[in-house]
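Participant: Supplied in structure tokens, the structure appears directly below.
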Amino acid sequence: MNASTMIFLLRPSKDQTGILVLPIVAFAMVTTLVMTVIGGAQSFWGWTDPEAPIYQILATIALVLLVVPLTSLGGAAARLSARRRDERLSTLRLLGVTPSGVATLTVIESVLLAGTGALLGGVGHLVLSPLIGLIPFRGGPLGQSAVVLSPLNILIVVVSVLVLAAVSAAIGLRRVSISPLGVRMRTTATKVHWIRAVIAASVLATAFAVISVFPGAGGYVATVVVIAGMFAGVLAVLNLVGPWVLKVTATNQLRRAEKPERLLAARLVLDSPKSAWRQVGGVAMSSFMAVFAGTGVSVMSTMSDAGAAPEDLALVTDMRTGLIITLVASFLMVAVSVSINQASEVLDQRPLHRSLHHLGVPLDTVDRARRRAVMSPLLITAIGSALCAGVLVFPLMGLALITAPLSLVTIAGVVMVGIGVVWISTRATQPLLARSFAAA
């Protein structure tokens with residue numbers, strides 16, 4: 001089979017243009033947010049006065065809290081509409097195309113889509129930079145020149161996005177190469193092992209121990225690096241253990257299901273726990289960040305009530321500004337993640353919708369099942385992520401600040417906003433589901 005035939009077979013049909021559009025949009029949004037977040041954080045590292053280290057520590061924590069989830073979202077963007085792509089790839093394998101040929105075509109396709117999105121994201125960063133430069137810190141705006149990334153740094157981010165897309169595509173090819181017929185016939189199920197929970201518990205325990213000891217034992221730079229690394233590690237393992245938790249929860253719900261939509265919702269999660277996690281992973285990161293927001297609000301309230309000096313009150317004002325920016329960026333991340341992944345799921349599950357339609361299952365039942373498959377895991381996801389964040393914050397802030405009324409109200413408010421964003425996103429994609437049913 002020649003290359004032109006392979007490319008023709010790999011090309012999506014006219015009704016599957018979303019397979020190309022969704023990853024491009026996702027990568028564009030991810031790249032824009034990553035560049036903007038890094039650009040905002042870099043502005044603090046040019047300061048050298050005595051108060052600069054405080055701003056730099058807070059900027060580093062905010063950077064980790066945002067960039068790690070955004071990197072995860074980038075990986076999810078590379079896997080958008082994965083099932084439809086897997087079916088096209090498995091067709092090539094069954095027609096005799098070698099695994100290396102399929103791998104080469106897939107990586108090239110993913111890199112091209114990621115590159116297009118990354119370039120659009122770079123343009124978005126340049127457009128947003130003047131607005132970000134107007135944000136006031138220390139009595140004056142940051143300035144566009146302080147927040148816009150240099151051409152070299154922009155190139156580094158774009159190359160990182162391309163590498164992430166290529167690696168994600170290569171990892172996703174494993175099951176196509178091993179069992180193309182199983183993929184085509186939809187007989188292979190995504191597996192998540194309980195070892196994920198063991199790894200997550202080990203990383204969390206290690207992070208708690210290190211954060212408890214290191215701030216008093218290391219220097220300033222080493223302390224910032226270690227604490228940021230521990231936060232990043234725990235955020236990473238949340239994505240590792242999340243699918244396993246959803247699998248266990250869905251298995252229990254399947255046993256107790258008494259209504260068609262509950263049964264179908266549990267089966268949707270069990271069909272691909274990793275895909276189900278991508279629907280709620282943004283809220284997990286938002287809940288993780290909510291604990292830091294809550295304790296930050298408590299710290300600022302304590303400083304204000306204690307009659308702090310003018311320079312300390314200025315720091316409180318800047319902390320409040322940074323907190324608002326971080327939360328807004330977090331909600332944008334949740335909105336992008338949930339909306340794009342919801343649309344992708346509807347596109348991926350068109351064959352399932354067609355089968356359910358032919359079996360006489362009403363659209364309302366499928367829609368309720370789809371929304372339940374997303375909303376049901378949200379509570380355990382939000383609570384679990386907040387508890388993990390609490391474990392990390394406890395050695396630094398203490399239990400009193402974490403459980404202060406103002407802190408708890410802030411945490412609850414942030415979590416509820418995140419859940420509200422998910423709910424709105426599931427409602428917004430309902431017309432797409434209706435068109436998918438109509439096409440059946």
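Ligands are numbered from 1 in the order shown, residues from 1 within each chain, and chains are lettered A, B, ... in the order they appear in the structure tokens.
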When you look at Gly282 in chain A with a cut-off of 8 Å (counting only C-alpha atoms), what residues show up, excluding the ones that are within fewer than 5 positions of it in the same chain? I need them as a list in words.

Facilitator: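 Contacts, with the query itself left out: Pro69, Met333, Val334, Ser337 and Val338 of chain A.
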
Participant: What would the file look like if the residues just selected were written as a PDB file, in the first residue's frame with C-alpha atoms?

Facilitator:
```
ATOM      1  CA  PRO A  69      -2.768  20.933  35.077  1.00  0.00           C
ATOM      2  CA  MET A 333      -8.772  25.901  32.373  1.00  0.00           C
ATOM      3  CA  VAL A 334     -11.788  24.001  33.707  1.00  0.00           C
ATOM      4  CA  SER A 337     -11.074  21.203  29.478  1.00  0.00           C
ATOM      5  CA  VAL A 338     -14.675  20.208  30.118  1.00  0.00           C
TER       6      VAL A 338
END
```

Participant: Excluding Met230 in chain A and any residue of its chain fewer than 3 positions from it, enumerate the residues within 8 Å of it, using only C-alpha atoms, and give them as a PyMOL selection string.

Facilitator: chain A and resi 207+210-211+226-227+233-234

Participant: Nearest residue to Arg350 in chain A out of A:Val123, A:Ala169, A:Ala276, A:Leu433, using only C-alpha atoms?

Facilitator: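 Using only C-alpha atoms, the shortest distance to Arg350 in chain A belongs to A:Leu433.
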
Participant: Considering only C-alpha atoms, state which residue in the set A:Leu263, A:Ala201, A:Leu254, A:Val225 is at the smallest distance from Leu240 in chain A.

Facilitator: A:Ala201

Participant: Report, in Å to a single decimal, how far apart CA of Val283 in chain A and CA of Arg262 in chain A are.

Facilitator: 21.9 Å
